>>> print(open('target_0.csv').read())   # CSV, C-alpha atoms
chain,number,residue,atom,x,y,z
A,190,MET,CA,122.6,152.4,6.7
A,191,ARG,CA,119.3,151.2,5.5
A,192,PHE,CA,117.9,148.0,6.9
A,193,ARG,CA,115.1,146.0,5.5
A,194,PHE,CA,113.7,144.9,8.8
A,195,CYS,CA,113.4,148.5,9.9
A,196,GLY,CA,111.4,149.2,6.7
A,197,ASP,CA,114.4,150.6,4.7
A,198,LEU,CA,115.1,153.2,7.3
A,199,ASP,CA,118.0,153.6,9.8
A,200,CYS,CA,118.1,151.3,12.7
A,201,PRO,CA,117.0,153.1,15.9
A,202,ASP,CA,119.9,153.9,18.3
A,203,TRP,CA,118.4,152.1,21.2
A,204,VAL,CA,118.2,148.8,19.2
A,205,LEU,CA,121.9,149.1,18.4
A,206,ALA,CA,122.7,149.7,22.1
A,207,GLU,CA,120.6,146.8,23.3
A,208,ILE,CA,122.0,144.3,20.8
A,209,THR,CA,125.2,144.5,22.7
A,210,THR,CA,123.3,143.6,25.8
A,211,LEU,CA,121.7,140.7,24.1
A,212,ALA,CA,125.1,139.4,23.0
A,213,LYS,CA,126.0,139.0,26.7
A,214,MET,CA,123.6,136.1,27.1
A,215,SER,CA,124.4,132.7,25.8
A,216,SER,CA,122.7,131.8,22.5
A,217,VAL,CA,120.7,129.0,24.0
A,218,LYS,CA,119.2,131.2,26.6
A,219,MET,CA,118.5,133.9,24.0
A,220,LYS,CA,116.6,131.4,21.9
A,221,LEU,CA,114.4,130.5,24.9
A,222,LEU,CA,113.9,134.2,25.5
A,223,CYS,CA,112.8,134.6,21.9
A,224,GLY,CA,110.3,131.9,22.4
A,225,GLN,CA,108.8,133.7,25.4
A,226,VAL,CA,108.7,137.0,23.5
A,227,LEU,CA,107.0,135.3,20.5
A,228,LYS,CA,104.4,133.9,22.9
A,229,ASP,CA,103.7,137.4,24.1
A,230,LEU,CA,103.5,138.8,20.6
A,231,LEU,CA,101.0,136.1,19.7
A,232,GLY,CA,98.8,137.2,22.6
A,233,GLU,CA,99.4,134.1,24.8
A,234,GLY,CA,100.7,136.2,27.7
A,235,ILE,CA,104.3,136.4,29.0
A,236,ASP,CA,105.8,134.6,32.0
A,237,TYR,CA,108.0,137.1,33.6
A,238,ASP,CA,109.4,134.7,36.2
A,239,LYS,CA,110.8,132.4,33.5
A,240,ILE,CA,112.4,135.4,31.9
A,241,VAL,CA,114.1,136.4,35.1
A,242,LYS,CA,115.4,132.9,35.5
A,243,LEU,CA,116.7,132.8,32.0
A,244,THR,CA,118.6,136.1,32.4
A,245,ALA,CA,119.9,135.4,35.8
A,246,ASP,CA,123.0,133.8,34.4
A,247,ALA,CA,124.0,136.9,32.6
A,248,LYS,CA,123.3,138.9,35.8
A,249,PHE,CA,120.9,141.3,34.1
A,250,GLU,CA,119.3,144.0,36.2
A,251,SER,CA,115.6,144.7,35.8
A,252,GLY,CA,116.3,147.5,33.4
A,253,ASP,CA,118.4,145.2,31.2
A,254,ILE,CA,115.7,142.5,31.3
A,255,LYS,CA,113.1,144.9,30.1
A,256,ALA,CA,115.4,146.3,27.5
A,257,SER,CA,116.2,142.9,26.0
A,258,VAL,CA,112.5,141.9,25.9
A,259,ALA,CA,111.8,145.3,24.2
A,260,VAL,CA,114.5,144.9,21.6
A,261,LEU,CA,113.5,141.3,20.8
A,262,SER,CA,109.9,142.2,20.3
A,263,PHE,CA,110.8,145.2,18.1
A,264,ILE,CA,113.0,143.0,15.9
A,265,LEU,CA,110.5,140.2,15.6
A,266,SER,CA,107.4,142.4,15.0
A,267,SER,CA,109.1,144.8,12.5
A,268,ALA,CA,110.6,141.8,10.6
A,269,ALA,CA,107.1,140.3,10.3
A,270,LYS,CA,105.6,143.8,9.5
A,271,HIS,CA,108.0,144.3,6.5
A,272,ASP,CA,107.9,140.6,5.5
A,273,VAL,CA,111.6,140.0,5.7
A,274,ASP,CA,112.8,136.5,5.1
A,275,SER,CA,115.0,134.9,7.7
A,276,GLU,CA,118.3,134.9,5.8
A,277,SER,CA,118.3,138.7,5.2
A,278,LEU,CA,117.2,139.2,8.8
A,279,SER,CA,120.1,137.0,10.0
A,280,SER,CA,122.7,138.9,7.8
A,281,GLU,CA,121.3,142.3,8.9
A,282,LEU,CA,121.5,141.4,12.6
A,283,GLN,CA,125.1,140.2,12.1
A,284,GLN,CA,125.9,143.5,10.5
A,285,LEU,CA,124.5,145.2,13.6
A,286,GLY,CA,126.9,143.2,15.8
A,287,LEU,CA,124.8,140.3,17.0
A,288,PRO,CA,127.0,137.1,17.1
A,289,LYS,CA,126.3,134.5,14.5
A,290,GLU,CA,124.8,131.8,16.8
A,291,HIS,CA,122.5,134.3,18.4
A,292,ALA,CA,121.3,135.6,15.0
A,293,SER,CA,120.7,132.1,13.6
A,294,GLY,CA,118.8,131.1,16.8
A,295,LEU,CA,116.6,134.2,16.5
A,296,CYS,CA,116.0,133.6,12.8
A,297,LYS,CA,115.0,130.0,13.3
A,298,SER,CA,112.4,131.0,15.9
A,299,TYR,CA,111.2,133.8,13.6
A,300,GLU,CA,110.9,131.5,10.7
A,301,ASP,CA,108.8,129.0,12.7
A,302,LYS,CA,106.3,131.6,13.8
A,303,HIS,CA,106.5,133.8,10.7
A,304,SER,CA,103.0,133.2,9.4
A,305,ALA,CA,101.3,133.0,12.8
A,306,LEU,CA,102.9,136.4,13.6
A,307,GLN,CA,101.6,138.0,10.4
A,308,ASP,CA,98.1,136.6,11.0
A,309,LYS,CA,98.1,138.1,14.5
A,310,LEU,CA,99.3,141.4,13.2
A,311,ARG,CA,96.6,141.4,10.5
A,312,GLU,CA,93.9,140.8,13.1
A,313,THR,CA,95.1,143.7,15.3
A,314,SER,CA,95.2,146.1,12.4
A,315,LEU,CA,93.0,149.2,12.6
A,316,ARG,CA,89.3,148.3,12.0
A,317,LEU,CA,86.6,150.9,12.7
A,318,GLY,CA,83.9,148.5,13.6
A,319,ARG,CA,83.0,145.0,12.6
A,320,LEU,CA,79.7,143.3,11.9
A,321,ASP,CA,79.0,140.7,14.5
A,322,SER,CA,75.7,139.1,13.5
A,323,VAL,CA,72.6,139.6,11.4
A,324,SER,CA,69.2,138.3,12.4
A,325,TRP,CA,66.0,138.7,10.4
A,326,ARG,CA,62.4,137.9,10.5
A,327,VAL,CA,59.7,138.0,7.8
A,328,ASP,CA,56.2,139.2,8.8
A,329,TYR,CA,53.0,139.5,6.9
A,330,THR,CA,50.9,142.6,7.7
A,331,LEU,CA,47.2,141.7,7.5
A,332,SER,CA,45.6,145.1,8.3
A,333,SER,CA,46.4,148.3,10.1
A,334,SER,CA,44.6,151.3,11.6
A,335,GLU,CA,44.9,153.2,8.3
A,336,LEU,CA,43.8,150.5,5.9
A,337,SER,CA,41.8,147.4,6.7
A,338,GLU,CA,43.4,145.1,4.1
A,339,VAL,CA,47.1,145.6,3.8
A,340,ASN,CA,48.4,142.0,3.0
A,341,GLU,CA,52.1,142.9,2.5
A,342,PRO,CA,55.3,141.2,3.6
A,343,LEU,CA,57.7,143.0,5.9
A,344,ILE,CA,61.2,142.1,6.9
A,345,HIS,CA,62.8,143.0,10.2
A,346,LEU,CA,66.6,143.1,10.3
A,347,LYS,CA,68.8,143.4,13.3
A,348,LEU,CA,72.5,144.2,12.8
A,349,GLN,CA,74.8,143.7,15.7
A,350,LYS,CA,78.1,145.5,15.3
A,351,GLN,CA,81.2,146.2,17.4
A,352,GLY,CA,81.7,150.0,17.7
A,353,ALA,CA,84.8,151.8,16.8
A,354,GLU,CA,86.0,151.6,20.5
A,355,SER,CA,86.7,148.1,21.4
A,356,GLY,CA,84.2,146.5,23.6
A,357,CYS,CA,81.1,148.5,22.9
A,358,SER,CA,78.6,146.8,20.7
A,359,GLU,CA,75.8,148.6,19.0
A,360,THR,CA,72.6,147.3,17.6
A,361,ALA,CA,70.7,148.6,14.6
A,362,ALA,CA,67.2,147.2,14.2
A,363,PHE,CA,64.9,148.3,11.4
A,364,SER,CA,62.1,147.1,9.2
A,365,ILE,CA,62.1,147.2,5.4
A,366,SER,CA,59.5,146.6,2.8
A,367,ALA,CA,59.9,143.8,0.1
A,368,ASP,CA,60.8,146.1,-2.8
A,369,LYS,CA,63.4,148.1,-0.9
A,370,PHE,CA,64.8,144.8,0.4
A,371,ARG,CA,65.2,143.5,-3.2
A,372,VAL,CA,67.1,146.6,-4.1
A,373,LEU,CA,69.3,146.2,-1.1
A,374,LEU,CA,70.0,142.6,-1.9
A,375,SER,CA,70.9,143.2,-5.5
A,376,GLU,CA,73.3,146.1,-4.6
A,377,LEU,CA,75.0,143.9,-1.9
A,378,LYS,CA,75.3,141.1,-4.5
A,379,GLN,CA,77.0,143.5,-6.9
A,380,ALA,CA,79.4,144.5,-4.1
A,381,GLN,CA,80.1,140.9,-3.4
A,382,ALA,CA,80.9,140.2,-7.1
A,383,LEU,CA,83.3,143.1,-7.1
A,384,MET,CA,85.1,141.7,-4.0
A,385,ASN,CA,85.3,138.2,-5.6
A,386,THR,CA,87.0,139.6,-8.7
A,387,LEU,CA,89.8,140.9,-6.4
A,388,GLN,CA,90.5,137.6,-4.7
B,90,MET,CA,115.8,178.1,52.7
B,91,LEU,CA,114.0,178.0,56.0
B,92,LEU,CA,110.4,177.1,56.4
B,93,VAL,CA,108.2,179.7,58.1
B,94,LEU,CA,105.6,178.1,60.2
B,95,THR,CA,102.5,180.1,61.2
B,96,GLU,CA,101.4,180.4,64.8
B,97,GLU,CA,98.4,178.1,64.3
B,98,HIS,CA,100.7,175.5,62.7
B,99,ARG,CA,103.0,175.6,65.7
B,100,GLU,CA,100.1,175.2,68.1
B,101,HIS,CA,99.0,172.1,66.2
B,102,LEU,CA,102.4,170.6,66.3
B,103,SER,CA,102.8,171.4,70.0
B,104,MET,CA,101.0,168.2,71.0
B,105,LEU,CA,103.7,166.1,69.4
B,106,PRO,CA,106.3,166.4,72.2
B,107,GLN,CA,103.7,165.2,74.7
B,108,VAL,CA,103.7,161.7,73.2
B,109,GLU,CA,106.4,159.2,72.7
B,110,PRO,CA,108.6,159.2,69.5
B,111,SER,CA,107.2,155.9,68.3
B,112,VAL,CA,103.7,157.4,68.3
B,113,VAL,CA,105.1,160.3,66.3
B,114,GLY,CA,106.3,157.7,63.8
B,115,GLU,CA,102.8,156.2,63.7
B,116,PHE,CA,101.3,159.7,63.1
B,117,GLY,CA,103.7,160.1,60.3
B,118,ARG,CA,102.4,156.9,58.7
B,119,ILE,CA,98.8,158.1,59.1
B,120,ALA,CA,99.8,161.5,57.6
B,121,LEU,CA,101.3,159.7,54.5
B,122,GLU,CA,98.1,157.6,54.1
B,123,PHE,CA,96.2,160.8,54.3
B,124,LEU,CA,98.2,162.2,51.4
B,125,ARG,CA,97.7,159.0,49.4
B,126,ARG,CA,94.2,158.1,50.1
B,127,GLY,CA,92.4,160.5,52.4
B,128,THR,CA,91.6,159.7,56.0
B,129,SER,CA,88.8,158.4,58.1
B,130,PRO,CA,87.6,159.7,61.6
B,131,LYS,CA,87.9,156.2,63.0
B,132,ILE,CA,91.7,156.3,62.9
B,133,TYR,CA,91.7,159.5,64.8
B,134,GLU,CA,89.3,158.2,67.4
B,135,GLY,CA,91.3,155.1,68.0
B,136,ALA,CA,94.5,157.0,68.4
B,137,ALA,CA,92.8,159.6,70.7
B,138,ARG,CA,91.4,156.8,72.9
B,139,LYS,CA,94.8,155.1,73.2
B,140,LEU,CA,96.7,158.3,74.1
B,141,GLY,CA,94.0,159.9,76.3
B,142,VAL,CA,93.8,163.2,74.4
B,143,SER,CA,91.0,164.7,72.4
B,144,VAL,CA,90.2,163.7,68.9
B,145,GLU,CA,90.8,167.3,67.7
B,146,ALA,CA,94.3,167.3,69.1
B,147,VAL,CA,95.2,164.1,67.3
B,148,GLN,CA,93.7,165.4,64.1
B,149,GLN,CA,95.6,168.7,64.3
B,150,GLY,CA,98.8,166.9,65.2
B,151,VAL,CA,98.5,164.6,62.2
B,152,GLU,CA,97.5,167.4,59.8
B,153,GLY,CA,100.3,169.7,61.1
B,154,LEU,CA,102.8,166.9,60.6
B,155,MET,CA,101.5,166.2,57.1
B,156,PHE,CA,101.7,169.9,56.2
B,157,LEU,CA,105.3,170.2,57.5
B,158,LEU,CA,106.4,167.2,55.5
B,159,MET,CA,104.6,168.4,52.4
B,160,GLU,CA,106.1,171.9,52.5
B,161,SER,CA,109.6,170.4,53.1
B,162,SER,CA,109.2,168.0,50.1
B,163,LYS,CA,107.8,170.7,47.9
B,164,HIS,CA,110.9,172.9,48.3
B,165,THR,CA,113.3,169.9,48.7
B,166,ILE,CA,115.0,171.6,51.5
B,167,SER,CA,118.3,170.2,52.7
B,168,GLU,CA,118.6,168.4,56.1
B,169,VAL,CA,120.3,171.3,57.7
B,170,ASP,CA,117.5,173.7,56.7
B,171,PHE,CA,114.9,171.1,57.9
B,172,MET,CA,116.6,170.8,61.3
B,173,ASP,CA,116.8,174.6,61.6
B,174,SER,CA,113.1,175.0,60.8
B,175,VAL,CA,112.2,172.3,63.3
B,176,LEU,CA,114.4,173.7,66.0
B,177,ILE,CA,112.3,176.8,66.1
B,178,LEU,CA,109.5,174.7,67.4
B,179,GLY,CA,111.5,173.8,70.4
B,180,PHE,CA,111.1,170.1,70.4
B,181,GLY,CA,113.6,167.7,72.0
B,182,GLU,CA,116.6,166.3,70.1
B,183,GLU,CA,115.1,162.8,69.7
B,184,LEU,CA,111.9,164.2,68.3
B,185,ASN,CA,113.8,166.2,65.8
B,186,GLN,CA,115.7,163.1,64.7
B,187,VAL,CA,112.4,161.2,64.2
B,188,LEU,CA,111.0,164.0,62.1
B,189,LEU,CA,114.2,164.2,60.0
B,190,GLN,CA,114.0,160.5,59.5
B,191,LEU,CA,110.4,160.7,58.4
B,192,TYR,CA,111.2,163.5,56.0
B,193,GLN,CA,114.1,161.7,54.4
B,194,ASP,CA,112.4,158.4,54.0
B,195,ASN,CA,109.3,159.8,52.3
B,196,LYS,CA,110.6,162.8,50.4
B,197,VAL,CA,110.6,161.1,47.0
B,198,GLN,CA,107.2,159.6,47.5
B,199,ILE,CA,105.6,162.8,48.5
B,200,ARG,CA,107.1,164.6,45.5
B,201,ARG,CA,105.6,161.9,43.3
B,202,ILE,CA,102.2,162.3,44.8
B,203,LEU,CA,102.4,166.1,44.5
B,204,SER,CA,103.4,165.8,40.9
B,205,GLN,CA,100.2,164.1,40.1
B,206,LEU,CA,98.3,167.1,41.2
B,207,ILE,CA,99.6,169.2,38.4
B,208,PRO,CA,96.8,169.8,35.8
B,209,SER,CA,97.8,168.1,32.6
B,210,GLN,CA,96.7,168.2,29.0
B,211,PRO,CA,95.7,165.1,27.2
B,212,ALA,CA,98.9,163.4,26.1
B,213,PHE,CA,99.7,161.3,23.1
B,214,HIS,CA,99.4,157.6,23.7
B,215,GLN,CA,99.3,155.8,20.4
B,216,LEU,CA,98.6,156.2,16.7
B,217,GLU,CA,97.3,153.4,14.6
B,218,TRP,CA,96.8,153.9,10.9
B,219,ARG,CA,95.7,152.0,7.8
B,220,LEU,CA,95.9,152.7,4.1
B,221,ASP,CA,92.8,151.9,2.1
B,222,VAL,CA,91.9,152.3,-1.6
B,223,GLN,CA,88.3,152.8,-2.5
B,224,LEU,CA,87.6,150.9,-5.7
B,225,ALA,CA,83.9,151.3,-6.2
B,226,SER,CA,80.8,152.6,-4.5
B,227,ARG,CA,77.1,152.2,-5.1
B,228,SER,CA,76.9,155.2,-7.4
B,229,LEU,CA,80.3,154.9,-9.2
B,230,ARG,CA,82.5,152.0,-10.2
B,231,GLN,CA,86.1,151.9,-11.5
B,232,ARG,CA,87.4,154.4,-9.0
B,233,LEU,CA,90.8,154.6,-7.3
B,234,VAL,CA,90.8,156.8,-4.2
B,235,PRO,CA,93.5,156.2,-1.6
B,236,THR,CA,92.7,157.2,2.0
B,237,VAL,CA,94.7,157.0,5.2
B,238,THR,CA,92.5,156.3,8.3
B,239,MET,CA,94.1,157.0,11.7
B,240,ARG,CA,93.1,156.4,15.2
B,241,LEU,CA,94.7,158.7,17.7
B,242,MET,CA,94.6,157.6,21.3
B,243,LEU,CA,95.2,160.1,24.0
B,244,SER,CA,95.5,159.6,27.7
B,245,GLU,CA,93.5,162.1,29.7
B,246,SER,CA,94.7,163.4,33.1
B,247,GLU,CA,96.0,160.7,35.4
B,248,GLU,CA,93.4,158.0,35.8
B,249,GLY,CA,94.5,156.4,32.6
B,250,GLN,CA,91.3,157.2,30.7
B,251,ARG,CA,91.8,157.0,27.0
B,252,SER,CA,90.1,159.2,24.5
B,253,THR,CA,90.1,158.2,20.9
B,254,ARG,CA,89.8,160.3,17.8
B,255,VAL,CA,89.4,158.8,14.4
B,256,LEU,CA,90.7,160.9,11.5
B,257,GLN,CA,90.8,160.3,7.8
B,258,THR,CA,92.8,162.1,5.2
B,259,ASP,CA,94.0,161.7,1.6
B,260,PRO,CA,97.7,161.3,0.9
B,261,SER,CA,98.4,164.9,-0.2
B,262,THR,CA,97.0,166.3,3.0
B,263,LEU,CA,99.1,163.7,4.9
B,264,LEU,CA,102.2,164.8,3.1
B,265,HIS,CA,101.4,168.4,4.0
B,266,LEU,CA,100.9,167.4,7.7
B,267,ILE,CA,104.2,165.6,7.7
B,268,SER,CA,106.1,168.5,6.3
B,269,THR,CA,104.5,170.9,8.8
B,270,LEU,CA,105.5,168.6,11.7
B,271,GLU,CA,109.0,168.3,10.4
B,272,ALA,CA,109.3,172.1,10.2
B,273,ALA,CA,108.2,172.2,13.8
B,274,LEU,CA,110.9,169.7,14.8
B,275,ALA,CA,113.5,171.7,12.8
B,276,ALA,CA,112.6,174.8,14.8
B,277,VAL,CA,114.2,173.2,17.8
B,278,LYS,CA,117.5,173.3,16.0
B,279,THR,CA,117.5,177.0,15.2
B,280,SER,CA,120.1,179.2,16.9
B,281,HIS,CA,117.3,181.1,18.7
B,282,SER,CA,116.0,178.0,20.5
B,283,ARG,CA,119.5,176.7,21.1
B,284,ARG,CA,120.4,180.0,22.9
B,285,ILE,CA,117.3,179.7,25.1
B,286,LEU,CA,117.9,176.0,25.9
B,287,ARG,CA,121.5,176.7,26.8
B,288,ASN,CA,120.3,179.2,29.4
B,289,ILE,CA,117.8,176.9,30.9
B,290,LYS,CA,120.3,174.1,31.3
>>> encode(input="target_0.csv", output="structure tokens")
Amino acid sequence: MRFRFCGDLDCPDWVLAEITTLAKMSSVKMKLLCGQVLKDLLGEGIDYDKIVKLTADAKFESGDIKASVAVLSFILSSAAKHDVDSESLSSELQQLGLPKEHASGLCKSYEDKHSALQDKLRETSLRLGRLDSVSWRVDYTLSSSELSEVNEPLIHLKLQKQGAESGCSETAAFSISADKFRVLLSELKQAQALMNTLQ
Amino acid sequence: MLLVLTEEHREHLSMLPQVEPSVVGEFGRIALEFLRRGTSPKIYEGAARKLGVSVEAVQQGVEGLMFLLMESSKHTISEVDFMDSVLILGFGEELNQVLLQLYQDNKVQIRRILSQLIPSQPAFHQLEWRLDVQLASRSLRQRLVPTVTMRLMLSESEEGQRSTRVLQTDPSTLLHLISTLEAALAAVKTSHSRRILRNIK
């Protein structure tokens, strides 16, 4: 059975098993649990005590609580990953055995936060290093130990970048003559024009 | 199986019957802390002063007790075997019960601590990937080069240090990699491996 929210693959067995656990909760409580899981996926942190309170009615043990949080975050994040619309998600979840009210509650929460989820997932995609800032300075060299009258402009550039590992920032500082800098600028402008044609 | 305790070990443990059983319980707690975090001479000095024995005797008693508990947990000997091994030392019945209680309460924890001492290889933690297409470069425009970039995160030993490796490949190498790994997985299902696994179970 191929499911769109699993990326046109089979649904993992553990998801099938935990959907029956989810069905044990009332649909209102499940919608609140979805809200908490969405907050966690969007990076706002998770309030474990609230979750324990929500699942206390259904008498979940700690293993069940963790499993239901895991299955909800899997469903929501992979639905956002594969850009599934909420009606297909609802029908697929009902095929897997989730009751109708639960499925519609889940899909309503998903639809509200759909674009926010996708933005967050886009941010956390693999990036091998980002440019943080650029600072520059133009100097004018008057003379040097080699030549008494130099009279040439010189540009100092400092590029601050975040390394491939998160949290380590590297600095590259160098100076560049006016001609080389003109070449660099025109090449970068060509690259920018190429990027603009893609937008 | 019975534990065989050396002469020296028995000597060290011989100071235990001279103190009350509650103190033995306290020594047990110190011994466990030793296993978890190491120890400090201050604890021994404090205990020695309170009991009126030498610091060395206290230290030997605690270390002997810790070694006894560690060996018992290592082999997960049953209660009967533990009692038999301890009977050889000739302690009183109450002391034996205290030791047995210590052993049972802490068996699981000690095994967990011991399992962390096993040398371990770096283990897989997470794999992130991205699919890029190179359209142009400074020297050449109108290109179409797909690349898959991966960041493999491994966890080293036990302190949770992560090491990261960044890899890049083109799609055909990636397909070859996938088919090699699938062949490796399929090797588990051959009759040869099934026969071996049946015997291990």
>>> closest_atom_pairs(input="target_0.csv", of="chain A", to="chain B", cutoff="9 Å", atoms="all atoms listed in the file", output="JSON lines")
{"residue": "A:Ser314", "atom": "CA", "partner": "B:Arg219", "partner_atom": "CA", "distance": 7.5}
{"residue": "A:Leu315", "atom": "CA", "partner": "B:Arg219", "partner_atom": "CA", "distance": 6.2}
{"residue": "A:Arg316", "atom": "CA", "partner": "B:Arg219", "partner_atom": "CA", "distance": 8.5}
{"residue": "A:Leu317", "atom": "CA", "partner": "B:Val255", "partner_atom": "CA", "distance": 8.6}
{"residue": "A:Ala353", "atom": "CA", "partner": "B:Val255", "partner_atom": "CA", "distance": 8.7}
{"residue": "A:Glu354", "atom": "CA", "partner": "B:Thr253", "partner_atom": "CA", "distance": 7.8}
{"residue": "A:Glu376", "atom": "CA", "partner": "B:Arg227", "partner_atom": "CA", "distance": 7.2}
{"residue": "A:Gln379", "atom": "CA", "partner": "B:Arg227", "partner_atom": "CA", "distance": 8.9}
{"residue": "A:Ala380", "atom": "CA", "partner": "B:Arg227", "partner_atom": "CA", "distance": 8.1}
{"residue": "A:Leu383", "atom": "CA", "partner": "B:Ala225", "partner_atom": "CA", "distance": 8.3}
>>> closest_residue(input="target_0.csv", among="B:Gly114, B:Lys290, B:Val93, B:His214", to="Leu189 of chain B", atoms="only C-alpha atoms")
B:Gly114
>>> residues_around(input="target_0.csv", residues="Leu188 of chain B", least_positions_apart="3", cutoff="12 Å", atoms="all atoms listed in the file", output="number ranges by chain")
B: 102, 105-106, 110-118, 154-155, 157-158, 161, 168, 171-172, 174-176, 180-185, 191-196
>>> residues_around(input="target_0.csv", residues="Arg319 of chain A", least_positions_apart="2", cutoff="7 Å", atoms="only C-alpha atoms", output="compact mmCIF listing (two decimals) with C-alpha atoms, in the frame of the given file")
# COMPACT_ATOMS: atom_id res chain seq x y z
CA LEU A 317 86.60 150.90 12.70
CA ASP A 321 79.00 140.70 14.50
CA LYS A 350 78.10 145.50 15.30
CA GLN A 351 81.20 146.20 17.40
>>> atom_distance(input="target_0.csv", atom1="atom CA of Lys139 of chain B", atom2="atom CA of Glu160 of chain B")
29.0 Å
>>> residues_near_point(input="target_0.csv", point="(114.1, 143.5, 18.3)", cutoff="6 Å", atoms="only C-alpha atoms", output="JSON, numbers by chain")
{"A": [260, 261, 262, 263, 264, 265]}
>>> closest_residue(input="target_0.csv", among="A:His303, A:Ala268, A:Ala362, A:Ser298", to="Arg326 of chain A", atoms="all atoms listed in the file")
A:Ala362
>>> closest_residue(input="target_0.csv", among="A:Glu359, A:Glu281, A:Asp301, A:Glu335", to="Leu320 of chain A", atoms="only C-alpha atoms")
A:Glu359
>>> residues_around(input="target_0.csv", residues="Ser322 of chain A", least_positions_apart="3", cutoff="9 Å", atoms="only C-alpha atoms", output="VMD selection string")
chain A and resid 347 to 350
>>> residues_around(input="target_0.csv", residues="Leu243 of chain A", least_positions_apart="6", cutoff="9 Å", atoms="all atoms listed in the file", output="list in words")
Lys218, Met219, Leu221 and Leu222 of chain A
>>> closest_residue(input="target_0.csv", among="B:Arg200, B:His101, B:His265, B:Arg283", to="Met159 of chain B", atoms="only C-alpha atoms")
B:Arg200
>>> atom_distance(input="target_0.csv", atom1="atom CA of Ala245 of chain A", atom2="atom CA of Val226 of chain A")
16.7 Å
>>> residues_around(input="target_0.csv", residues="His345 of chain A", least_positions_apart="2", cutoff="6 Å", atoms="all atoms listed in the file", output="PyMOL selection string")
chain A and resi 325-326+363-364
>>> atom_distance(input="target_0.csv", atom1="atom CA of His98 of chain B", atom2="atom CA of Ile202 of chain B")
22.3 Å
>>> residues_near_point(input="target_0.csv", point="(122.4, 140.6, 13.2)", cutoff="10 Å", atoms="all atoms listed in the file", output="number ranges by chain")
A: 205, 208, 277-293, 295-296
>>> closest_residue(input="target_0.csv", among="A:Val327, A:Lys309, A:Gly318, A:Val241", to="Gly352 of chain A", atoms="only C-alpha atoms")
A:Gly318
>>> closest_residue(input="target_0.csv", among="A:Lys239, A:Lys302, A:Leu230, A:Phe249", to="Ser275 of chain A", atoms="all atoms listed in the file")
A:Lys302
